[in-house]
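run.txt (compact mmCIF, C-alpha atoms)
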```txt
# COMPACT_ATOMS: atom_id res chain seq x y z
CA MET M 98 115.22 35.60 7.01
CA GLU M 99 114.38 37.60 3.89
CA GLY M 100 117.19 37.51 1.33
CA LYS M 101 118.90 34.43 2.78
CA SER M 102 119.36 31.23 0.84
CA GLU M 103 118.09 27.93 2.24
CA SER M 104 121.71 26.81 2.58
CA GLN M 105 122.55 29.86 4.70
CA ILE M 106 119.47 29.36 6.88
CA LEU M 107 120.43 25.70 7.34
CA ARG M 108 124.02 26.58 8.26
CA GLU M 109 122.88 29.15 10.83
CA GLN M 110 120.49 26.63 12.38
CA VAL M 111 123.28 24.04 12.77
CA GLU M 112 125.59 26.72 14.17
CA PHE M 113 122.90 27.60 16.69
CA TYR M 114 122.58 23.99 17.89
CA LEU M 115 126.35 23.72 18.44
CA GLY M 116 126.83 27.31 19.62
CA ASP M 117 127.79 28.36 23.13
CA ASP M 118 124.42 29.87 24.03
CA ASN M 119 122.46 26.73 23.15
CA LEU M 120 124.96 24.26 24.61
CA LYS M 121 124.83 25.93 28.00
CA SER M 122 121.49 24.18 28.54
CA ASP M 123 120.98 21.71 25.67
CA ASN M 124 121.68 18.33 27.26
CA PHE M 125 120.98 16.41 24.07
CA PHE M 126 123.79 17.96 22.03
CA ARG M 127 126.08 18.21 25.05
CA GLU M 128 125.87 14.44 25.40
CA ARG M 129 126.39 13.83 21.67
CA ILE M 130 129.59 15.91 21.73
CA THR M 131 130.86 14.29 24.93
CA GLU M 132 130.17 10.76 23.72
CA GLY M 133 131.77 11.30 20.32
CA THR M 134 135.41 10.93 19.33
CA ASP M 135 137.20 14.29 19.28
CA GLY M 136 133.84 16.02 19.58
CA TYR M 137 132.42 14.55 16.36
CA PHE M 138 128.95 12.99 16.25
CA ASN M 139 126.76 11.62 13.47
CA ILE M 140 125.05 14.19 11.25
CA ASP M 141 121.86 12.10 11.48
CA PHE M 142 121.29 13.62 14.94
CA ILE M 143 121.05 17.06 13.30
CA LEU M 144 118.64 15.72 10.66
CA LYS M 145 116.26 14.60 13.41
CA CYS M 146 115.73 18.17 14.63
CA ASN M 147 112.32 19.54 13.64
CA LYS M 148 113.60 22.87 12.31
CA VAL M 149 116.14 21.08 10.12
CA LYS M 150 113.49 18.65 8.83
CA LYS M 151 111.65 21.64 7.35
CA LEU M 152 114.78 22.53 5.38
CA THR M 153 116.23 19.18 4.32
CA THR M 154 116.31 15.42 4.89
CA LYS M 155 119.77 14.93 3.39
CA ALA M 156 123.08 14.88 5.25
CA ALA M 157 124.79 16.12 2.09
CA ASP M 158 122.87 19.40 2.32
CA ILE M 159 124.15 19.97 5.86
CA VAL M 160 127.71 19.17 4.78
CA ALA M 161 127.47 21.61 1.87
CA ALA M 162 125.88 24.34 3.99
CA CYS M 163 128.59 24.08 6.66
CA LYS M 164 131.56 24.20 4.27
CA THR M 165 131.91 27.95 4.80
CA SER M 166 131.13 27.90 8.52
CA THR M 167 133.65 29.31 11.00
CA LEU M 168 131.83 27.65 13.92
CA VAL M 169 131.27 24.02 12.88
CA GLU M 170 133.06 21.49 10.68
CA CYS M 171 132.52 18.00 9.23
CA ASN M 172 135.02 15.15 9.13
CA GLU M 173 136.78 14.10 5.91
CA ALA M 174 134.15 11.44 5.22
CA ASP M 175 131.36 14.03 5.61
CA SER M 176 129.54 11.70 8.00
CA THR M 177 130.06 13.46 11.34
CA ILE M 178 130.09 17.05 12.58
CA ARG M 179 131.55 18.96 15.51
CA ARG M 180 132.33 22.43 16.84
CA LYS M 181 135.18 24.05 14.91
CA ASP M 182 138.57 22.79 16.15
CA ASN M 183 136.76 20.76 18.83
CA ARG M 184 136.20 23.85 20.98
CA GLU M 185 135.43 23.21 24.65
CA VAL M 186 131.74 22.94 25.51
CA PRO M 187 130.65 25.82 27.80
CA ALA M 188 129.76 25.19 31.44
CA PHE M 189 126.23 23.95 32.04
CA GLU M 190 123.63 26.51 33.11
CA GLU M 191 120.13 25.70 34.27
CA LYS M 192 117.68 27.10 31.74
CA LYS M 193 114.87 29.13 33.28
CA ARG M 194 111.35 29.37 31.97
CA ARG M 195 110.78 32.62 30.13
CA GLY M 196 109.34 35.18 32.53
CA ALA M 197 109.89 32.96 35.56
CA SER M 198 112.22 33.70 38.41
CA GLY M 199 112.84 30.01 39.10
CA ALA M 200 111.96 30.41 42.76
CA GLY M 201 110.30 27.36 44.23
CA ARG M 202 110.88 25.24 41.12
CA LYS M 203 112.79 22.00 41.02
CA ALA M 204 116.25 22.22 39.45
CA LYS M 205 116.60 19.95 36.44
CA LYS M 206 118.38 16.66 37.02
CA GLU M 207 120.38 14.52 34.63
CA SER M 208 122.74 11.56 34.60
CA VAL M 209 126.26 12.56 35.64
CA ILE M 210 129.19 10.16 35.21
CA LEU M 211 132.07 10.54 37.66
CA ALA M 212 135.42 8.80 38.06
CA THR M 213 136.39 6.92 41.24
CA LYS M 214 139.72 5.79 42.60
CA PRO M 215 141.07 4.91 46.05
CA THR M 216 143.56 7.36 47.58
CA ASN M 217 145.60 4.29 48.52
CA THR M 218 146.32 2.26 45.37
CA GLU M 219 147.08 -0.79 47.50
CA ALA M 220 143.56 -0.81 48.89
CA GLU M 221 141.35 -3.84 48.21
CA ILE M 222 137.88 -2.62 47.25
CA THR M 223 135.15 -3.79 44.85
CA TRP M 224 132.37 -2.19 42.83
CA LYS M 225 129.85 -3.67 45.26
CA GLY M 226 131.73 -2.07 48.14
CA ILE M 227 131.59 1.33 46.41
CA LYS M 228 127.87 0.91 45.73
CA GLU M 229 127.06 -0.05 49.32
CA ALA M 230 129.16 2.77 50.78
CA PHE M 231 127.62 5.34 48.43
CA ASN M 232 124.03 4.27 49.16
CA GLU M 233 124.69 4.29 52.90
CA LYS M 234 126.27 7.76 52.92
CA PHE M 235 124.00 9.35 50.29
CA PRO M 236 120.60 7.62 50.56
CA ASP M 237 118.81 10.53 48.84
CA MET M 238 120.95 10.36 45.69
CA GLU M 239 120.02 8.00 42.87
CA LEU M 240 122.99 5.80 41.97
CA GLU M 241 122.46 4.42 38.46
CA TYR M 242 125.71 2.67 37.63
CA THR M 243 128.89 1.42 39.29
CA ARG M 244 132.00 -0.22 37.84
CA TYR M 245 135.45 -0.78 39.30
CA ASN M 246 138.56 -2.45 37.87
CA GLU M 247 140.41 -4.10 40.75
CA THR M 248 143.54 -4.47 38.63
CA ASN M 249 143.82 -0.88 37.42
CA LYS M 250 142.36 0.55 40.65
CA GLU M 251 139.94 2.82 38.81
CA GLY M 252 136.20 2.96 38.27
CA HIS M 253 133.14 5.06 37.52
CA ILE M 254 129.73 5.82 38.95
CA SER M 255 126.70 7.46 37.40
CA ILE M 256 124.24 9.40 39.52
CA TYR M 257 121.02 11.16 38.64
CA THR M 258 121.37 14.63 40.10
CA GLN M 259 121.80 18.32 39.35
CA GLN M 260 124.58 19.02 36.86
CA ASP M 261 125.94 21.99 38.82
CA THR M 262 126.54 20.00 42.03
CA ALA M 263 130.00 20.57 43.54
CA PHE M 264 130.81 16.86 43.49
CA GLU M 265 134.37 17.12 44.77
CA GLU M 266 133.09 18.82 47.94
CA VAL M 267 129.97 16.66 48.39
CA PHE M 268 131.91 13.39 48.06
CA LYS M 269 135.02 14.46 49.94
CA GLY M 270 136.12 11.82 52.46
CA VAL M 271 133.88 8.99 51.20
CA LYS M 272 135.16 5.65 52.51
CA VAL M 273 134.68 2.06 51.38
CA GLY M 274 135.31 0.19 54.56
CA GLU M 275 138.42 1.92 55.93
CA GLN M 276 139.66 3.05 52.54
CA GLU M 277 139.03 6.59 51.32
CA VAL M 278 137.80 6.87 47.72
CA GLU M 279 138.11 9.94 45.54
CA ILE M 280 135.07 10.78 43.39
CA TYR M 281 135.54 13.52 40.83
CA ARG M 282 134.58 14.95 37.44
CA MET M 283 136.45 13.71 34.40
CA THR M 284 138.14 15.75 31.69
CA LYS M 285 136.54 15.78 28.26
CA THR M 286 139.21 13.35 27.00
CA ASP M 287 138.62 10.95 29.90
CA MET M 288 134.87 11.10 29.33
CA GLN M 289 135.32 10.20 25.66
CA LYS M 290 137.59 7.30 26.68
CA PHE M 291 134.97 6.09 29.13
CA PHE M 292 132.32 5.91 26.40
CA ASN M 293 134.72 4.26 23.98
CA ASP M 294 135.69 1.60 26.53
CA HIS M 295 132.53 1.17 28.60
CA GLY M 296 129.72 2.95 26.75
CA GLY M 297 127.93 -0.25 25.76
CA HIS M 298 128.08 -1.64 29.29
CA TYR M 299 126.89 1.66 30.73
CA GLU M 300 123.91 1.90 28.36
CA LYS M 301 122.92 -1.71 29.03
CA CYS M 302 123.09 -1.29 32.82
CA THR M 303 121.16 1.99 32.91
CA ALA M 304 118.56 1.35 30.18
CA LYS M 305 115.95 -0.17 32.50
CA ILE M 306 116.41 2.54 35.13
CA LYS M 307 116.09 5.30 32.53
CA ARG M 308 112.97 3.76 30.99
CA ALA M 309 111.31 3.53 34.40
CA ARG M 310 112.31 7.11 35.21
CA LYS M 311 110.91 8.34 31.91
CA ARG M 312 107.59 6.66 32.64
CA THR M 313 107.52 8.25 36.08
CA GLU M 314 108.38 11.69 34.71
CA GLN M 315 105.70 11.39 32.02
CA LYS M 316 103.15 10.42 34.66
CA GLU M 317 104.17 13.35 36.87
CA ALA M 318 104.02 15.71 33.89
CA GLU M 319 100.51 14.51 33.08
CA GLU M 320 99.42 14.97 36.72
CA THR M 321 100.93 18.47 36.70
CA ARG M 322 99.10 19.28 33.46
CA LYS M 323 95.79 18.11 34.88
CA ALA M 324 96.38 20.05 38.09
CA ARG M 325 97.11 23.23 36.11
CA GLU M 326 94.02 22.76 33.98
CA SER M 327 91.81 22.41 37.08
CA ARG M 328 93.42 25.27 39.05
CA LYS M 329 91.16 28.33 39.26
CA PHE M 330 92.24 31.97 39.30
CA LYS M 331 90.34 35.05 40.41
CA LEU M 332 90.64 38.71 39.42
CA GLY M 333 88.25 40.92 41.33
CA GLU M 334 84.88 39.19 41.23
CA LYS M 335 85.65 37.19 38.09
CA GLU M 336 86.82 33.59 38.37
CA PHE M 337 88.67 31.79 35.57
CA LYS M 338 88.60 28.00 35.42
CA ASN M 339 92.36 27.87 34.71
CA MET M 340 95.29 29.98 33.50
CA ILE M 341 94.55 29.15 29.87
CA ALA M 342 91.08 30.67 30.25
CA LEU M 343 92.55 33.75 31.92
CA ARG M 344 95.13 34.33 29.18
CA THR M 345 92.52 33.69 26.47
CA HIS M 346 90.17 36.27 28.01
CA PHE M 347 92.77 39.03 27.86
CA LYS M 348 94.01 38.05 24.41
CA LEU M 349 90.45 38.46 23.15
CA ILE M 350 90.31 41.93 24.69
CA LEU M 351 93.62 42.74 23.03
CA ASN M 352 92.40 41.57 19.64
CA ARG M 353 88.95 43.19 19.84
CA THR M 354 90.03 46.60 21.12
CA LYS M 355 91.02 49.23 18.55
CA ASP M 356 94.32 51.08 18.86
CA ASP M 357 94.12 53.82 21.53
CA GLU M 358 90.57 52.83 22.46
CA GLU M 359 90.04 53.07 26.23
CA ILE M 360 89.19 49.79 27.97
CA GLU M 361 86.08 50.07 30.14
CA ASP M 362 84.97 48.18 33.24
CA PRO M 363 84.74 45.38 34.17
CA ASN M 364 87.84 44.54 32.09
CA LYS M 365 89.56 47.69 33.32
CA THR M 366 89.28 46.36 36.88
CA TYR M 367 90.46 42.90 35.85
CA LEU M 368 93.50 44.40 34.14
CA MET M 369 94.36 46.47 37.21
CA GLU M 370 94.20 43.32 39.35
CA LEU M 371 96.39 41.43 36.90
CA LEU M 372 98.92 44.28 36.68
CA LYS M 373 99.58 43.88 40.42
CA TYR M 374 101.66 40.83 39.49
CA HIS M 375 104.00 42.81 37.25
CA PRO M 376 107.47 43.21 38.84
CA LYS M 377 107.27 46.97 38.15
CA HIS M 378 103.67 47.32 39.27
CA GLU M 379 104.13 50.54 41.25
CA THR M 380 105.97 52.28 38.42
CA LYS M 381 103.47 51.11 35.82
CA THR M 382 100.41 52.31 37.77
CA LYS M 383 101.81 55.65 38.97
CA ASP M 384 99.64 58.51 37.67
CA PHE M 385 97.28 55.96 36.15
CA LYS M 386 94.48 57.23 33.93
CA ALA M 387 93.33 54.35 31.72
CA PHE M 388 94.16 51.16 29.84
CA THR M 389 94.37 50.87 26.07
CA VAL M 390 96.06 48.79 23.38
CA GLY M 391 98.37 49.60 20.50
CA ILE M 392 101.39 48.62 18.41
CA HIS M 393 104.25 47.25 20.50
CA PRO M 394 107.05 49.87 20.58
CA GLU M 395 109.80 47.29 19.91
CA HIS M 396 107.87 44.69 17.91
CA PRO M 397 105.71 46.49 15.34
CA GLU M 398 104.28 43.21 14.08
CA SER M 399 102.40 42.71 17.36
CA ARG M 400 100.10 44.63 19.71
CA CYS M 401 100.12 44.95 23.49
CA PHE M 402 98.41 46.60 26.44
CA PHE M 403 99.35 50.11 27.56
CA VAL M 404 98.86 52.12 30.73
CA VAL M 405 97.80 55.67 29.87
CA LYS M 406 99.16 58.24 32.37
CA THR M 407 97.46 61.45 33.51
CA ASP M 408 99.74 63.41 31.17
CA ASP M 409 98.51 61.17 28.30
CA SER M 410 101.89 59.42 27.96
CA LYS M 411 101.72 55.65 27.49
CA GLU M 412 103.73 52.75 28.92
CA ASP M 413 103.42 49.19 27.62
CA PHE M 414 103.27 46.10 29.83
CA SER M 415 103.42 42.36 29.20
CA LEU M 416 100.28 40.28 29.68
CA GLY M 417 102.42 37.12 29.65
CA LYS M 418 104.75 38.37 32.37
CA CYS M 419 101.84 39.31 34.64
CA ALA M 420 100.06 35.98 34.09
CA THR M 421 103.22 33.92 34.65
CA ASN M 422 104.01 35.74 37.90
CA MET M 423 100.44 35.36 39.06
CA GLU M 424 100.59 31.62 38.48
CA MET M 425 103.88 31.32 40.37
CA GLN M 426 103.04 33.63 43.27
CA THR M 427 99.66 32.06 43.99
CA GLU M 428 100.91 28.44 44.04
```
As structure tokens, the full file:
Amino acid sequence: MEGKSESQILREQVEFYLGDDNLKSDNFFRERITEGTDGYFNIDFILKCNKVKKLTTKAADIVAACKTSTLVECNEADSTIRRKDNREVPAFEEKKRRGASGAGRKAKKESVILATKPTNTEAEITWKGIKEAFNEKFPDMELEYTRYNETNKEGHISIYTQQDTAFEEVFKGVKVGEQEVEIYRMTKTDMQKFFNDHGGHYEKCTAKIKRARKRTEQKEAEETRKARESRKFKLGEKEFKNMIALRTHFKLILNRTKDDEEIEDPNKTYLMELLKYHPKHETKTKDFKAFTVGIHPEHPESRCFFVVKTDDSKEDFSLGKCATNMEMQTE
């Protein structure tokens, strides 16, 4: 960031939050944009972000910084912000952990609001009927909210599920009694209208459910943390009390070994065992001669491990990638 003004850094940070790459997986800002009118939402939400807090606590600074932006814009009152020209939010993509393949991990869930309407507008159905039919047909899905206007013959449901579910296919042919009900995704405009008309009711009805879910998720996260901290790993004859201890051990080797100094046993053996979890293990260990450390070829500010070949050429490898794969593959 050398040479950049604080205003430019601030503008780029805001542009990142509302940019396509971030919004593909950032549920917080996706919801703020969807809930807002014409894509605008209060600048205070930006001010709450930790990276922005380090730069400013004033909405006026954000407004000033974004005046020259081609990606975001503020309203005339300088109180709300949105993507330039209310550009469409990109499709949701599940964000993977860095270095993880995602295999065997639970897909992230979130609240998804869908529209409902009977295929026969003369049909007599109620919100209770929709709720009972949904729970009977989809007992494994968590239904959070149901509303139905018997006069206008339209309604909404909210379910806690994976965002990328093909809802139109999953819910095809759902019936309330003898009447078929269509359940489908809304357009951005319809979603904004829903929150304008029913947002308060929706938040009130789902608040208790969401609080209970948050408590459950926090409890599960704590149990997972404790399980990880008590899970042992073994490389050769050496046992590590958990993955943190394993990573720390090799980071100490990395820090204590001089550039191009050959790593001796037993750490040489431990490294060879760990390298087996690298996705390119066979290529990395072909014509193996020794292990050493040195300046990272692409990131000169950091150091990394290298495999030294029999012809004295060197090839770097990632400690983090090996450790992450080990943790996943030995679950």
Subject >> Nearest-residue call for Arg328 (chain M), choices M:Ala188, M:Ala342, M:Ala309, M:Ile360, using only C-alpha atoms >> reply: M:Ala342
**OP:** Tell me, as number ranges by chain, which residues lie within 8 Å of Lys383 (chain M), counting all atoms listed in the file; anything in the same chain fewer than 3 positions away does not count.
**Re:** M: 379-380, 406
**OP:** Between M:Asn124, M:Thr345, M:Asn119, M:Thr153, single out the one closest to Leu107 (chain M), counting all atoms listed in the file.
**Re:**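 Looking at the shortest contact to Leu107 (chain M), the residue is M:Thr153.
We find CA of Met425 (chain M) and CA of Lys377 (chain M) to be spaced 16.2 Å apart.
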Original post:
Using all atoms listed in the file, can you list as a count of residues only the residues within 9 Å of (89.3, 41.0, 38.1)?
Top reply: 15
Subject >> Selected residue of minimal separation from His298 (chain M) among M:Arg282, M:Thr243, M:Ser176, M:Glu265, counting all atoms listed in the file >> reply: M:Thr243
**OP:** Name the residues in contact with Gly133 (chain M) at a cut-off of 10 Å, using only C-alpha atoms, excluding same-chain residues fewer than 2 positions from it; report them as a list of chain:residue names.
**Re:** M:Glu128, M:Arg129, M:Ile130, M:Thr131, M:Asp135, M:Gly136, M:Tyr137, M:Phe138, M:Asn139, M:Thr177, M:Ile178, M:Arg179, M:Met288, M:Gln289, M:Lys290, M:Phe292, M:Asn293
Subject >> Residue nearest Pro376 (chain M) - candidates M:Asn339, M:Lys418, M:Glu190, M:Pro394, atoms counted: all atoms listed in the file >> reply: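 Selected residue with least distance to Pro376 (chain M): M:Lys418.
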Original post:
What does the distance between CA of Val111 (chain M) and CA of Phe125 (chain M) come to in Å, to one decimal place?
Top reply: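 Straight-line distance from CA of Val111 (chain M) to CA of Phe125 (chain M) works out to 13.8 Å.
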Subject >> Which of M:Val169, M:Gly296, M:Trp224, M:Phe385 sits closest to Asp182 (chain M) [using only C-alpha atoms] >> reply: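 Answer, going by the shortest atom-to-atom distance: M:Val169.
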Original post:
Using all atoms listed in the file, which of the listed residues (M:Val267, M:Met340, M:Leu115, M:Leu144) sits closest to Lys181 (chain M)?
Top reply: M:Leu115
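Excluding Val160 (chain M) itself and any same-chain residue fewer than 6 positions from it, the protein and nucleic acid residues within 10 Å of it, counting all atoms listed in the file, are Ser104, Arg108, Ile140, Glu170, Cys171, Asn172, Asp175, Ser176, Thr177 and Ile178 of chain M.
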Original post:
Got a sec: who's within 12 Å of Gln110 (chain M), counting all atoms listed in the file, leaving out chain neighbours fewer than 6 positions off, as a list in words?
Top reply: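 That gives Met98, Glu103, Ser104, Gly116, Asn119, Ile143, Leu144, Cys146, Asn147, Lys148, Val149, Lys150, Lys151, Leu152, Thr153, Ile159, Ala162, Cys163, Ser166, Leu168 and Val169 of chain M.
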Return as AutoDock Vina command-line options the centre and edge lengths, in Å with one decimal, of the box along x, y and z that encloses every atom of region 303-316 of chain M in the file, padded by 6 Å per side.
```
--center_x 112.2 --center_y 5.8 --center_z 33.1 --size_x 30.0 --size_y 23.9 --size_z 17.9
```
**OP:** Pull the neighbourhood of (97.5, 39.4, 37.4) for me: all residues within 6 Å in file coordinates, counting only C-alpha atoms, as a count of residues only.
**Re:** 8
Original post:
Please, what distance in Å, to one decimal, runs between CA of Ser415 (chain M) and CA of Ser327 (chain M)?
Top reply: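 So the two atoms, CA of Ser415 (chain M) and CA of Ser327 (chain M), lie 24.4 Å apart.
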Would you mind completing region 127-138 of chain M to all heavy atoms and writing the output as a PDB file, in the coordinates of the input?
```pdb
ATOM      1  N   ARG M 127     124.921  18.324  24.145  1.00  0.00           N
ATOM      2  CA  ARG M 127     126.080  18.210  25.050  1.00  0.00           C
ATOM      3  C   ARG M 127     126.525  16.753  25.145  1.00  0.00           C
ATOM      4  O   ARG M 127     127.712  16.436  25.094  1.00  0.00           O
ATOM      5  CB  ARG M 127     125.722  18.730  26.453  1.00  0.00           C
ATOM      6  CG  ARG M 127     125.559  20.234  26.547  1.00  0.00           C
ATOM      7  CD  ARG M 127     125.121  20.637  27.952  1.00  0.00           C
ATOM      8  NE  ARG M 127     126.204  20.405  28.909  1.00  0.00           N
ATOM      9  CZ  ARG M 127     127.127  21.306  29.233  1.00  0.00           C
ATOM     10  NH1 ARG M 127     127.097  22.505  28.666  1.00  0.00           N
ATOM     11  NH2 ARG M 127     128.061  21.034  30.107  1.00  0.00           N
ATOM     12  N   GLU M 128     125.549  15.863  25.283  1.00  0.00           N
ATOM     13  CA  GLU M 128     125.870  14.440  25.400  1.00  0.00           C
ATOM     14  C   GLU M 128     126.424  13.880  24.095  1.00  0.00           C
ATOM     15  O   GLU M 128     127.360  13.068  24.108  1.00  0.00           O
ATOM     16  CB  GLU M 128     124.618  13.659  25.810  1.00  0.00           C
ATOM     17  CG  GLU M 128     124.197  13.919  27.253  1.00  0.00           C
ATOM     18  CD  GLU M 128     122.925  13.183  27.621  1.00  0.00           C
ATOM     19  OE1 GLU M 128     122.406  12.437  26.755  1.00  0.00           O
ATOM     20  OE2 GLU M 128     122.448  13.346  28.758  1.00  0.00           O
ATOM     21  N   ARG M 129     125.877  14.320  22.951  1.00  0.00           N
ATOM     22  CA  ARG M 129     126.390  13.830  21.670  1.00  0.00           C
ATOM     23  C   ARG M 129     127.860  14.225  21.497  1.00  0.00           C
ATOM     24  O   ARG M 129     128.678  13.429  21.043  1.00  0.00           O
ATOM     25  CB  ARG M 129     125.573  14.426  20.501  1.00  0.00           C
ATOM     26  CG  ARG M 129     124.086  14.124  20.498  1.00  0.00           C
ATOM     27  CD  ARG M 129     123.747  12.671  20.274  1.00  0.00           C
ATOM     28  NE  ARG M 129     123.889  11.834  21.433  1.00  0.00           N
ATOM     29  CZ  ARG M 129     123.054  11.835  22.470  1.00  0.00           C
ATOM     30  NH1 ARG M 129     122.029  12.638  22.502  1.00  0.00           N
ATOM     31  NH2 ARG M 129     123.256  11.010  23.475  1.00  0.00           N
ATOM     32  N   ILE M 130     128.206  15.437  21.860  1.00  0.00           N
ATOM     33  CA  ILE M 130     129.590  15.910  21.730  1.00  0.00           C
ATOM     34  C   ILE M 130     130.507  15.154  22.694  1.00  0.00           C
ATOM     35  O   ILE M 130     131.607  14.739  22.329  1.00  0.00           O
ATOM     36  CB  ILE M 130     129.655  17.429  22.005  1.00  0.00           C
ATOM     37  CG1 ILE M 130     128.925  18.190  20.888  1.00  0.00           C
ATOM     38  CG2 ILE M 130     131.101  17.904  22.104  1.00  0.00           C
ATOM     39  CD1 ILE M 130     128.714  19.662  21.186  1.00  0.00           C
ATOM     40  N   THR M 131     130.046  14.961  23.908  1.00  0.00           N
ATOM     41  CA  THR M 131     130.860  14.290  24.930  1.00  0.00           C
ATOM     42  C   THR M 131     131.098  12.827  24.581  1.00  0.00           C
ATOM     43  O   THR M 131     132.197  12.297  24.765  1.00  0.00           O
ATOM     44  CB  THR M 131     130.160  14.375  26.303  1.00  0.00           C
ATOM     45  OG1 THR M 131     129.972  15.750  26.638  1.00  0.00           O
ATOM     46  CG2 THR M 131     131.017  13.728  27.386  1.00  0.00           C
ATOM     47  N   GLU M 132     130.066  12.183  24.044  1.00  0.00           N
ATOM     48  CA  GLU M 132     130.170  10.760  23.720  1.00  0.00           C
ATOM     49  C   GLU M 132     131.013  10.515  22.476  1.00  0.00           C
ATOM     50  O   GLU M 132     131.588   9.435  22.309  1.00  0.00           O
ATOM     51  CB  GLU M 132     128.767  10.176  23.507  1.00  0.00           C
ATOM     52  CG  GLU M 132     127.918  10.156  24.768  1.00  0.00           C
ATOM     53  CD  GLU M 132     126.479   9.792  24.478  1.00  0.00           C
ATOM     54  OE1 GLU M 132     126.170   9.531  23.285  1.00  0.00           O
ATOM     55  OE2 GLU M 132     125.664   9.785  25.416  1.00  0.00           O
ATOM     56  N   GLY M 133     131.076  11.483  21.589  1.00  0.00           N
ATOM     57  CA  GLY M 133     131.770  11.300  20.320  1.00  0.00           C
ATOM     58  C   GLY M 133     133.283  11.306  20.449  1.00  0.00           C
ATOM     59  O   GLY M 133     133.849  11.661  21.490  1.00  0.00           O
ATOM     60  N   THR M 134     133.951  10.911  19.383  1.00  0.00           N
ATOM     61  CA  THR M 134     135.410  10.930  19.330  1.00  0.00           C
ATOM     62  C   THR M 134     135.875  12.290  18.839  1.00  0.00           C
ATOM     63  O   THR M 134     135.459  12.748  17.773  1.00  0.00           O
ATOM     64  CB  THR M 134     135.928   9.821  18.385  1.00  0.00           C
ATOM     65  OG1 THR M 134     135.453   8.543  18.857  1.00  0.00           O
ATOM     66  CG2 THR M 134     137.452   9.823  18.337  1.00  0.00           C
ATOM     67  N   ASP M 135     136.699  12.953  19.625  1.00  0.00           N
ATOM     68  CA  ASP M 135     137.200  14.290  19.280  1.00  0.00           C
ATOM     69  C   ASP M 135     136.082  15.286  19.016  1.00  0.00           C
ATOM     70  O   ASP M 135     136.215  16.207  18.208  1.00  0.00           O
ATOM     71  CB  ASP M 135     138.118  14.218  18.052  1.00  0.00           C
ATOM     72  CG  ASP M 135     139.385  13.411  18.322  1.00  0.00           C
ATOM     73  OD1 ASP M 135     139.844  13.424  19.478  1.00  0.00           O
ATOM     74  OD2 ASP M 135     139.889  12.771  17.390  1.00  0.00           O
ATOM     75  N   GLY M 136     134.955  15.086  19.705  1.00  0.00           N
ATOM     76  CA  GLY M 136     133.840  16.020  19.580  1.00  0.00           C
ATOM     77  C   GLY M 136     132.925  15.786  18.408  1.00  0.00           C
ATOM     78  O   GLY M 136     131.893  16.455  18.264  1.00  0.00           O
ATOM     79  N   TYR M 137     133.259  14.840  17.525  1.00  0.00           N
ATOM     80  CA  TYR M 137     132.420  14.550  16.360  1.00  0.00           C
ATOM     81  C   TYR M 137     131.230  13.666  16.737  1.00  0.00           C
ATOM     82  O   TYR M 137     131.358  12.777  17.590  1.00  0.00           O
ATOM     83  CB  TYR M 137     133.225  13.814  15.287  1.00  0.00           C
ATOM     84  CG  TYR M 137     134.157  14.687  14.472  1.00  0.00           C
ATOM     85  CD1 TYR M 137     135.538  14.597  14.629  1.00  0.00           C
ATOM     86  CD2 TYR M 137     133.658  15.575  13.525  1.00  0.00           C
ATOM     87  CE1 TYR M 137     136.406  15.377  13.863  1.00  0.00           C
ATOM     88  CE2 TYR M 137     134.510  16.353  12.753  1.00  0.00           C
ATOM     89  CZ  TYR M 137     135.880  16.253  12.932  1.00  0.00           C
ATOM     90  OH  TYR M 137     136.721  17.023  12.171  1.00  0.00           O
ATOM     91  N   PHE M 138     130.096  13.897  16.114  1.00  0.00           N
ATOM     92  CA  PHE M 138     128.950  12.990  16.250  1.00  0.00           C
ATOM     93  C   PHE M 138     128.226  12.919  14.914  1.00  0.00           C
ATOM     94  O   PHE M 138     128.397  13.771  14.038  1.00  0.00           O
ATOM     95  CB  PHE M 138     128.008  13.445  17.371  1.00  0.00           C
ATOM     96  CG  PHE M 138     127.377  14.788  17.157  1.00  0.00           C
ATOM     97  CD1 PHE M 138     126.172  14.908  16.473  1.00  0.00           C
ATOM     98  CD2 PHE M 138     127.981  15.942  17.628  1.00  0.00           C
ATOM     99  CE1 PHE M 138     125.584  16.141  16.263  1.00  0.00           C
ATOM    100  CE2 PHE M 138     127.413  17.183  17.426  1.00  0.00           C
ATOM    101  CZ  PHE M 138     126.209  17.288  16.745  1.00  0.00           C
TER     102      PHE M 138
END
```
